[in-house]
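Undergrad: Before I ask anything, here is the structure I am working with.
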Amino acid sequence: MKKSLMLLAFAGLSSVAMAQNVAGYQNTSDNKYEVFTNKFWNNWFISAGGGAEILMGNGDAAGKVKDRISPTLNFSVGKWFTPGLALRLQYSGLQARGFTKEADNGYIDGGFQNSANAYKQKFNYMNLHGDALFNLNALIGGYNPKRVYEVIPYVGVGVTHSYSSPKREALSVNAGIINRFRLSSAMDINLELSAMGVENKFDGELHGKRDFDGVLSATVGLTYRFPKREFKKPVAVRQLISEGELSNIREKMNALAAENGTLKRDLAEAQKEPEVISTEVIVKTPDIAPRSVFFNIGSAKVSEQELVNLEFLADQMKEYPNLKFKVTGYADSSTGSVETNKRLSIQRAQAVVDALVGTYNIDRNRMTIDAVGGVSKFDKVYLNRMALVDVVK
């Protein structure tokens, strides 16, 4: 039985390989959006940048623009969950400069008053905010780890804290665009344009209407991506094996076929012994070997070629209508989680039953299904992506 199983497995694999003209290399899935879900510690990054910002409060229009520009810094840590979606935590800010017409404002710098009766302001602060990042290039054009330029808008919320007295906290809303330029697989240069809306107490102006202050900033910085830093794409089944491997499989098939031929000759010789008359009823035993149906990675769809290979089994099932069959699904334990492999093996077994019923009109009640989940029965992982049809003894 074991030799028959191996012969069937090799035969199915050989036919797939010859039909697809395997050339000994691997190719990724044709779906440019399809990637494997990453683990928690994969695709983390840190970034830092510096630049300038401008404060836009209620009294700032009374001063010149150049007097409202101040330095700013940012530090971030985050993780890409998919090629198109990431979350990050950013510490930004440094110093804000502006103008106020309130003489009792706590952030007045030196008491200077210009011709518009406005006092200069200067205070130090930070803005701690969480953001959701969206990689438009990956979302629209698919995953490409070697893309040189990508546009990444983001939105988030946070809280500001003033280090200068009087110290205050205020809620903030943040949005912006990251222009990412790839330097290597680990490093990027980023041009980040951001906007922050914050409660009007941010700049110390507590009188008048309650609205929002704003800060616009532009920074240039670097991002470092920790290993493992790229997403894996599925490998297409049509590039399973090399010509050398295929030749080795054919040799094993020939050896098994020769051994089966020897066994058949020995059986024929044994049957030449003198016939013994007996009243025992001889029941014809059908010679139906188990059949293997192979699947693409991550798929539970029966291919056209495997559907043709099921025709011989269907003919045998019709010839012996009283036999029952068991269809067992398997998955490759080296890829996917335990839960995913269990679900996939059930779906593969069910797909074979549906193919026999829908294409060859086999009675569904003659078949039961079972699912083993992820296994490593064969040394080649793609042989484990299968469903096995066997006679119920």
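Residues in the structure tokens are numbered from 1 in each chain, the chains being A, B, ... in the order shown, and ligands are numbered from 1 in the order shown.
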From range 92-282 of chain A, collect each residue whose DSSP state is helix (DSSP H, G or I) and return the set as a VMD selection string.
TA: chain A and resid 136 to 141 200 to 203 237 to 239 243 to 270
Undergrad: Find the residues near range 203-216 of chain A: any atom within 10 Å, counting only C-alpha atoms, skip ones fewer than 4 places away on the same chain, and give them as JSON, numbers by chain.
TA: {"A": [52, 53, 54, 55, 56, 57, 58, 59, 60, 69, 93, 96, 97, 98, 99, 100, 101, 102, 104, 105, 106, 107, 108, 121, 122, 123, 125, 162, 165, 166, 167, 168, 170, 172, 173, 174, 176, 193, 194, 195, 196, 197, 198, 199]}
Undergrad: Those selected residues, please, written with N, CA and C atoms and delivered as a compact mmCIF listing (two decimals), in the first residue's frame.
TA:
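Wrote result.txt, looks like this:
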# COMPACT_ATOMS: atom_id res chain seq x y z
N ALA A 52 11.58 72.83 10.36
CA ALA A 52 11.03 74.10 10.85
C ALA A 52 9.52 74.02 10.90
N GLU A 53 8.95 74.88 11.76
CA GLU A 53 7.50 74.95 11.89
C GLU A 53 7.08 76.40 12.04
N ILE A 54 5.78 76.64 11.84
CA ILE A 54 5.22 77.98 12.02
C ILE A 54 3.95 77.87 12.83
N LEU A 55 3.80 78.75 13.84
CA LEU A 55 2.64 78.76 14.72
C LEU A 55 1.54 79.62 14.11
N MET A 56 0.30 79.15 14.19
CA MET A 56 -0.85 79.87 13.63
C MET A 56 -1.93 79.97 14.70
N GLY A 57 -1.70 80.92 15.66
CA GLY A 57 -2.66 81.17 16.72
C GLY A 57 -3.52 82.39 16.43
N ASN A 58 -4.37 82.77 17.39
CA ASN A 58 -5.30 83.86 17.17
C ASN A 58 -4.61 85.21 16.97
N GLY A 59 -3.50 85.44 17.68
CA GLY A 59 -2.84 86.74 17.58
C GLY A 59 -1.62 86.74 16.69
N ASP A 60 -1.31 85.63 16.04
CA ASP A 60 -0.05 85.52 15.30
C ASP A 60 -0.04 86.33 14.02
N ILE A 69 8.63 81.51 12.69
CA ILE A 69 9.25 80.24 12.31
C ILE A 69 10.21 79.80 13.41
N GLY A 93 7.80 68.27 18.05
CA GLY A 93 7.80 69.59 18.68
C GLY A 93 9.20 70.04 19.02
N ALA A 96 7.97 76.87 19.94
CA ALA A 96 6.97 77.61 19.17
C ALA A 96 7.18 79.10 19.40
N ARG A 97 7.03 79.89 18.32
CA ARG A 97 7.16 81.35 18.40
C ARG A 97 5.94 81.98 17.75
N GLY A 98 5.40 82.99 18.41
CA GLY A 98 4.21 83.64 17.88
C GLY A 98 4.02 85.02 18.46
N PHE A 99 2.79 85.54 18.38
CA PHE A 99 2.46 86.87 18.87
C PHE A 99 1.12 86.81 19.59
N THR A 100 0.97 87.68 20.58
CA THR A 100 -0.29 87.77 21.32
C THR A 100 -0.55 89.22 21.69
N LYS A 101 -1.83 89.58 21.76
CA LYS A 101 -2.21 90.92 22.20
C LYS A 101 -2.65 90.93 23.66
N GLU A 102 -2.52 89.80 24.32
CA GLU A 102 -2.87 89.70 25.73
C GLU A 102 -1.62 89.96 26.57
N ASP A 104 -1.15 89.72 29.65
CA ASP A 104 -0.93 88.78 30.75
C ASP A 104 -0.62 87.37 30.26
N ASN A 105 -0.35 87.22 28.97
CA ASN A 105 -0.03 85.90 28.44
C ASN A 105 1.25 85.37 29.06
N GLY A 106 1.23 84.11 29.49
CA GLY A 106 2.35 83.55 30.21
C GLY A 106 3.57 83.26 29.36
N TYR A 107 3.44 83.29 28.02
CA TYR A 107 4.54 82.93 27.15
C TYR A 107 5.18 84.13 26.47
N ILE A 108 4.90 85.35 26.95
CA ILE A 108 5.51 86.55 26.36
C ILE A 108 7.01 86.51 26.57
N GLN A 121 5.95 85.92 21.51
CA GLN A 121 5.85 84.72 22.36
C GLN A 121 6.94 83.72 22.00
N LYS A 122 7.37 82.96 22.99
CA LYS A 122 8.26 81.84 22.75
C LYS A 122 8.10 80.84 23.88
N PHE A 123 7.86 79.57 23.54
CA PHE A 123 7.72 78.54 24.57
C PHE A 123 8.12 77.19 23.98
N TYR A 125 7.68 73.00 23.86
CA TYR A 125 6.57 72.06 24.02
C TYR A 125 6.90 70.74 23.32
N SER A 162 3.39 71.67 27.44
CA SER A 162 4.31 72.81 27.42
C SER A 162 5.33 72.65 28.53
N SER A 165 6.80 77.55 31.61
CA SER A 165 5.74 77.94 32.55
C SER A 165 4.92 79.09 31.95
N PRO A 166 3.60 79.09 32.17
CA PRO A 166 2.84 78.06 32.90
C PRO A 166 2.63 76.82 32.04
N LYS A 167 2.87 75.65 32.63
CA LYS A 167 2.78 74.39 31.90
C LYS A 167 1.32 74.01 31.68
N ARG A 168 1.03 73.62 30.43
CA ARG A 168 -0.35 73.26 30.08
C ARG A 168 -0.34 72.04 29.17
N ALA A 170 -2.88 70.05 26.16
CA ALA A 170 -4.01 70.27 25.25
C ALA A 170 -4.10 69.10 24.29
N SER A 172 -4.65 67.27 20.69
CA SER A 172 -4.23 67.63 19.33
C SER A 172 -4.77 66.63 18.32
N VAL A 173 -4.96 67.12 17.11
CA VAL A 173 -5.30 66.30 15.95
C VAL A 173 -4.21 66.51 14.92
N ASN A 174 -3.70 65.40 14.34
CA ASN A 174 -2.54 65.49 13.47
C ASN A 174 -2.82 64.83 12.12
N GLY A 176 -0.85 64.55 7.89
CA GLY A 176 0.28 64.95 7.07
C GLY A 176 0.56 63.96 5.97
N LEU A 193 5.60 66.45 5.70
CA LEU A 193 4.83 67.69 5.78
C LEU A 193 3.64 67.43 6.69
N SER A 194 3.54 68.18 7.78
CA SER A 194 2.51 67.86 8.78
C SER A 194 1.77 69.09 9.23
N ALA A 195 0.57 68.84 9.75
CA ALA A 195 -0.28 69.89 10.30
C ALA A 195 -0.86 69.40 11.62
N MET A 196 -0.88 70.27 12.61
CA MET A 196 -1.45 69.94 13.92
C MET A 196 -2.51 70.97 14.28
N GLY A 197 -3.69 70.50 14.63
CA GLY A 197 -4.73 71.35 15.20
C GLY A 197 -4.81 71.06 16.69
N VAL A 198 -4.83 72.12 17.53
CA VAL A 198 -4.73 71.93 18.97
C VAL A 198 -5.61 72.95 19.68
N GLU A 199 -6.09 72.61 20.86
CA GLU A 199 -6.93 73.54 21.62
C GLU A 199 -6.23 74.89 21.78
Undergrad: Residues near range 135-138 of chain A, anyone? I mean within 6 Å using only C-alpha atoms, not counting same-chain ones fewer than 6 positions away, as a ChimeraX atom specification.
TA: /A:83-84,150-152
Undergrad: Selected residues, N, CA and C atoms, written as a JSON list (two decimals), in the first residue's frame, please.
TA:
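Once everything was written out, this is again.json:
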[["chain", "number", "residue", "atom", "x", "y", "z"],
["A", 83, "PRO", "N", 1.58, 45.84, 3.67],
["A", 83, "PRO", "CA", 2.33, 46.82, 2.88],
["A", 83, "PRO", "C", 1.65, 48.18, 2.80],
["A", 84, "GLY", "N", 0.35, 48.25, 3.05],
["A", 84, "GLY", "CA", -0.36, 49.51, 2.91],
["A", 84, "GLY", "C", -0.78, 50.16, 4.21],
["A", 150, "GLU", "N", 7.61, 56.62, -2.51],
["A", 150, "GLU", "CA", 6.25, 56.29, -2.09],
["A", 150, "GLU", "C", 5.64, 57.45, -1.32],
["A", 151, "VAL", "N", 4.33, 57.61, -1.47],
["A", 151, "VAL", "CA", 3.57, 58.66, -0.79],
["A", 151, "VAL", "C", 2.76, 58.02, 0.32],
["A", 152, "ILE", "N", 2.92, 58.53, 1.55],
["A", 152, "ILE", "CA", 2.30, 57.92, 2.71],
["A", 152, "ILE", "C", 1.57, 58.99, 3.53]]
Undergrad: Find the residues of range 324-375 of chain A that sit at most 12 Å from range 307-319 of chain A; for each, write down the nearest two atoms and how far apart they are in Å, to one decimal. Count only C-alpha atoms. Sort by chain, then by number going up, and give it as JSON lines.
TA:
{"residue": "A:Lys324", "atom": "CA", "partner": "A:Met317", "partner_atom": "CA", "distance": 8.7}
{"residue": "A:Phe325", "atom": "CA", "partner": "A:Met317", "partner_atom": "CA", "distance": 8.9}
{"residue": "A:Ala351", "atom": "CA", "partner": "A:Leu307", "partner_atom": "CA", "distance": 10.6}
{"residue": "A:Val352", "atom": "CA", "partner": "A:Leu307", "partner_atom": "CA", "distance": 8.6}
{"residue": "A:Val353", "atom": "CA", "partner": "A:Leu310", "partner_atom": "CA", "distance": 10.7}
{"residue": "A:Asp354", "atom": "CA", "partner": "A:Leu307", "partner_atom": "CA", "distance": 10.9}
{"residue": "A:Ala355", "atom": "CA", "partner": "A:Leu307", "partner_atom": "CA", "distance": 7.2}
{"residue": "A:Leu356", "atom": "CA", "partner": "A:Ala314", "partner_atom": "CA", "distance": 6.8}
{"residue": "A:Val357", "atom": "CA", "partner": "A:Ala314", "partner_atom": "CA", "distance": 9.4}
{"residue": "A:Gly358", "atom": "CA", "partner": "A:Leu307", "partner_atom": "CA", "distance": 10.9}
{"residue": "A:Thr359", "atom": "CA", "partner": "A:Leu307", "partner_atom": "CA", "distance": 8.4}
{"residue": "A:Tyr360", "atom": "CA", "partner": "A:Ala314", "partner_atom": "CA", "distance": 6.3}
{"residue": "A:Asn361", "atom": "CA", "partner": "A:Ala314", "partner_atom": "CA", "distance": 8.5}
{"residue": "A:Ile362", "atom": "CA", "partner": "A:Ala314", "partner_atom": "CA", "distance": 7.1}
{"residue": "A:Asp363", "atom": "CA", "partner": "A:Lys318", "partner_atom": "CA", "distance": 9.4}
{"residue": "A:Arg364", "atom": "CA", "partner": "A:Met317", "partner_atom": "CA", "distance": 11.6}
{"residue": "A:Arg366", "atom": "CA", "partner": "A:Met317", "partner_atom": "CA", "distance": 9.4}
{"residue": "A:Met367", "atom": "CA", "partner": "A:Met317", "partner_atom": "CA", "distance": 10.6}
Undergrad: I'd like the neighbourhood of Lys377 in chain A as a PyMOL selection string, where a residue qualifies if any of its atoms comes within 10 Å (using only C-alpha atoms), though same-chain residues fewer than 6 positions away should be ignored.
TA: chain A and resi 330+332-333+383-384
Undergrad: A:Lys201, A:Tyr163, A:Gly142, A:Val157: which is nearest Asn124 in chain A, counting only C-alpha atoms?
TA: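 Result for the nearest residue to Asn124 in chain A: A:Tyr163.
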Undergrad: Between CA of Asn38 in chain A and CA of Phe81 in chain A, what is the distance in Å, rounded to a tenth?
TA: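 That distance, rounded to one decimal, is 6.9 Å.
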Undergrad: Give the strand (DSSP E) residues of range 79-182 of chain A, as DSSP finds them on the backbone, and put them as a short mmCIF file (atom, residue, chain, number, x, y, z; two decimals) with N, CA and C atoms, in the first residue's frame.
TA:
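Saved as result-v8.cif:
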data_model
loop_
_atom_site.label_atom_id
_atom_site.label_comp_id
_atom_site.auth_asym_id
_atom_site.auth_seq_id
_atom_site.Cartn_x
_atom_site.Cartn_y
_atom_site.Cartn_z
N LYS A 79 5.11 50.15 13.23
CA LYS A 79 5.11 48.81 12.62
C LYS A 79 4.16 48.80 11.43
N TRP A 80 4.63 48.20 10.32
CA TRP A 80 3.78 47.96 9.16
C TRP A 80 3.09 46.61 9.33
N PHE A 81 1.77 46.63 9.41
CA PHE A 81 0.99 45.40 9.55
C PHE A 81 0.73 44.76 8.19
N THR A 82 0.58 45.58 7.16
CA THR A 82 0.49 45.15 5.77
C THR A 82 1.32 46.13 4.96
N LEU A 85 -0.61 49.50 5.37
CA LEU A 85 -1.11 50.04 6.63
C LEU A 85 -0.08 49.88 7.73
N ALA A 86 0.15 51.00 8.47
CA ALA A 86 1.07 50.97 9.61
C ALA A 86 0.50 51.84 10.72
N LEU A 87 0.97 51.57 11.94
CA LEU A 87 0.68 52.42 13.09
C LEU A 87 2.01 52.88 13.68
N ARG A 88 2.04 54.14 14.15
CA ARG A 88 3.27 54.64 14.75
C ARG A 88 2.93 55.53 15.93
N LEU A 89 3.92 55.72 16.81
CA LEU A 89 3.86 56.67 17.92
C LEU A 89 4.97 57.69 17.68
N GLN A 90 4.61 58.99 17.64
CA GLN A 90 5.60 60.02 17.35
C GLN A 90 5.66 61.07 18.45
N TYR A 91 6.91 61.43 18.80
CA TYR A 91 7.19 62.55 19.70
C TYR A 91 7.71 63.68 18.82
N SER A 92 6.97 64.79 18.77
CA SER A 92 7.36 65.90 17.91
C SER A 92 7.27 67.22 18.68
N GLY A 93 7.80 68.27 18.05
CA GLY A 93 7.80 69.59 18.68
C GLY A 93 9.20 70.04 19.02
N LEU A 94 9.33 71.10 19.74
CA LEU A 94 10.58 71.64 20.29
C LEU A 94 10.31 73.04 20.82
N GLN A 95 10.04 73.96 19.89
CA GLN A 95 9.83 75.37 20.28
C GLN A 95 8.78 75.99 19.37
N ALA A 96 7.97 76.87 19.94
CA ALA A 96 6.97 77.61 19.17
C ALA A 96 7.18 79.10 19.40
N ARG A 97 7.03 79.89 18.32
CA ARG A 97 7.16 81.35 18.40
C ARG A 97 5.94 81.98 17.75
N GLY A 98 5.40 82.99 18.41
CA GLY A 98 4.21 83.64 17.88
C GLY A 98 4.02 85.02 18.46
N PHE A 99 2.79 85.54 18.38
CA PHE A 99 2.46 86.87 18.87
C PHE A 99 1.12 86.81 19.59
N THR A 100 0.97 87.68 20.58
CA THR A 100 -0.29 87.77 21.32
C THR A 100 -0.55 89.22 21.69
N ILE A 108 4.90 85.35 26.95
CA ILE A 108 5.51 86.55 26.36
C ILE A 108 7.01 86.51 26.57
N ASP A 109 7.73 86.82 25.50
CA ASP A 109 9.19 86.73 25.51
C ASP A 109 9.80 88.13 25.61
N GLY A 110 10.19 88.55 26.80
CA GLY A 110 10.90 89.81 27.00
C GLY A 110 10.04 91.05 26.99
N GLY A 111 8.76 90.90 26.86
CA GLY A 111 7.88 92.06 26.93
C GLY A 111 7.90 92.94 25.69
N PHE A 112 8.48 92.51 24.58
CA PHE A 112 8.56 93.32 23.38
C PHE A 112 7.18 93.47 22.75
N GLN A 113 6.86 94.71 22.29
CA GLN A 113 5.59 94.99 21.67
C GLN A 113 5.84 95.66 20.33
N TYR A 119 2.65 91.30 21.43
CA TYR A 119 3.85 90.87 22.15
C TYR A 119 4.40 89.59 21.51
N LYS A 120 5.72 89.51 21.50
CA LYS A 120 6.35 88.28 21.02
C LYS A 120 6.17 87.16 22.04
N GLN A 121 5.95 85.92 21.51
CA GLN A 121 5.85 84.72 22.36
C GLN A 121 6.94 83.72 22.00
N LYS A 122 7.37 82.96 22.99
CA LYS A 122 8.26 81.84 22.75
C LYS A 122 8.10 80.84 23.88
N PHE A 123 7.86 79.57 23.54
CA PHE A 123 7.72 78.54 24.57
C PHE A 123 8.12 77.19 23.98
N ASN A 124 8.56 76.32 24.87
CA ASN A 124 8.97 74.97 24.48
C ASN A 124 7.84 73.98 24.76
N TYR A 125 7.68 73.00 23.86
CA TYR A 125 6.57 72.06 24.02
C TYR A 125 6.90 70.74 23.32
N MET A 126 6.06 69.76 23.57
CA MET A 126 6.12 68.50 22.84
C MET A 126 4.70 68.07 22.47
N ASN A 127 4.61 67.27 21.41
CA ASN A 127 3.34 66.72 20.96
C ASN A 127 3.52 65.21 20.81
N LEU A 128 2.85 64.42 21.66
CA LEU A 128 2.93 62.96 21.61
C LEU A 128 1.64 62.45 20.97
N HIS A 129 1.76 61.80 19.81
CA HIS A 129 0.55 61.40 19.08
C HIS A 129 0.72 60.05 18.41
N GLY A 130 -0.39 59.34 18.28
CA GLY A 130 -0.43 58.08 17.56
C GLY A 130 -1.08 58.28 16.21
N ASP A 131 -0.49 57.68 15.15
CA ASP A 131 -0.96 57.90 13.79
C ASP A 131 -1.20 56.59 13.06
N ALA A 132 -2.13 56.63 12.12
CA ALA A 132 -2.33 55.54 11.17
C ALA A 132 -1.76 55.97 9.83
N LEU A 133 -0.83 55.17 9.27
CA LEU A 133 -0.15 55.49 8.03
C LEU A 133 -0.71 54.63 6.89
N PHE A 134 -0.90 55.27 5.71
CA PHE A 134 -1.46 54.57 4.56
C PHE A 134 -0.52 54.75 3.37
N TYR A 149 10.21 55.59 -4.65
CA TYR A 149 9.48 56.71 -4.05
C TYR A 149 8.06 56.27 -3.72
N GLU A 150 7.61 56.62 -2.51
CA GLU A 150 6.25 56.29 -2.09
C GLU A 150 5.64 57.45 -1.32
N VAL A 151 4.33 57.61 -1.47
CA VAL A 151 3.57 58.66 -0.79
C VAL A 151 2.76 58.02 0.32
N ILE A 152 2.92 58.53 1.55
CA ILE A 152 2.30 57.92 2.71
C ILE A 152 1.57 58.99 3.53
N PRO A 153 0.27 59.22 3.30
CA PRO A 153 -0.48 60.13 4.17
C PRO A 153 -0.78 59.48 5.51
N TYR A 154 -1.08 60.30 6.52
CA TYR A 154 -1.39 59.77 7.84
C TYR A 154 -2.35 60.69 8.58
N VAL A 155 -3.04 60.15 9.56
CA VAL A 155 -3.91 60.91 10.47
C VAL A 155 -3.72 60.33 11.87
N GLY A 156 -3.93 61.16 12.89
CA GLY A 156 -3.77 60.68 14.25
C GLY A 156 -4.25 61.68 15.27
N VAL A 157 -4.20 61.29 16.53
CA VAL A 157 -4.59 62.14 17.65
C VAL A 157 -3.51 62.05 18.72
N GLY A 158 -3.45 63.10 19.57
CA GLY A 158 -2.44 63.09 20.61
C GLY A 158 -2.69 64.15 21.66
N VAL A 159 -1.64 64.47 22.42
CA VAL A 159 -1.73 65.47 23.47
C VAL A 159 -0.43 66.27 23.47
N THR A 160 -0.55 67.57 23.69
CA THR A 160 0.63 68.44 23.78
C THR A 160 0.89 68.78 25.25
N HIS A 161 2.17 69.05 25.52
CA HIS A 161 2.58 69.47 26.86
C HIS A 161 3.60 70.59 26.72
N SER A 162 3.39 71.67 27.44
CA SER A 162 4.31 72.81 27.42
C SER A 162 5.33 72.65 28.53
N GLU A 169 -1.46 71.31 29.19
CA GLU A 169 -1.69 70.20 28.27
C GLU A 169 -2.91 70.52 27.41
N ALA A 170 -2.88 70.05 26.16
CA ALA A 170 -4.01 70.27 25.25
C ALA A 170 -4.10 69.10 24.29
N LEU A 171 -5.33 68.78 23.87
CA LEU A 171 -5.54 67.71 22.90
C LEU A 171 -5.17 68.19 21.51
N SER A 172 -4.65 67.27 20.69
CA SER A 172 -4.23 67.63 19.33
C SER A 172 -4.77 66.63 18.32
N VAL A 173 -4.96 67.12 17.11
CA VAL A 173 -5.30 66.30 15.95
C VAL A 173 -4.21 66.51 14.92
N ASN A 174 -3.70 65.40 14.34
CA ASN A 174 -2.54 65.49 13.47
C ASN A 174 -2.82 64.83 12.12
N ALA A 175 -2.27 65.41 11.08
CA ALA A 175 -2.38 64.86 9.73
C ALA A 175 -1.16 65.31 8.93
N GLY A 176 -0.85 64.55 7.89
CA GLY A 176 0.28 64.95 7.07
C GLY A 176 0.56 63.96 5.97
N ILE A 177 1.68 64.19 5.26
CA ILE A 177 2.11 63.35 4.16
C ILE A 177 3.60 63.08 4.32
N ILE A 178 3.98 61.81 4.26
CA ILE A 178 5.38 61.40 4.27
C ILE A 178 5.78 61.06 2.84
N ASN A 179 6.81 61.73 2.34
CA ASN A 179 7.38 61.40 1.04
C ASN A 179 8.61 60.53 1.30
N ARG A 180 8.52 59.25 0.98
CA ARG A 180 9.56 58.30 1.34
C ARG A 180 10.44 57.97 0.13
N PHE A 181 11.76 58.14 0.29
CA PHE A 181 12.72 57.84 -0.75
C PHE A 181 13.62 56.69 -0.27
N ARG A 182 13.60 55.58 -0.99
CA ARG A 182 14.33 54.38 -0.57
C ARG A 182 15.82 54.53 -0.81
#
Undergrad: Which residue out of A:Ala258, A:Val302, A:Met187, A:Val220 has the minimum interatomic distance to Arg385 in chain A when only C-alpha atoms are used?
TA: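 Looking at the shortest contact to Arg385 in chain A, the residue is A:Val302.
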Undergrad: So, counting only C-alpha atoms, which residue among A:Thr340, A:Val372, A:Thr223, A:Ser345 is closest to Thr37 in chain A?
TA: A:Thr340
Undergrad: Determine the nearest neighbour of Asn117 in chain A from the options A:Ala62, A:Met253, A:Val35, A:Ala186, counting only C-alpha atoms.
TA: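 The closest residue to Asn117 in chain A is A:Ala62.
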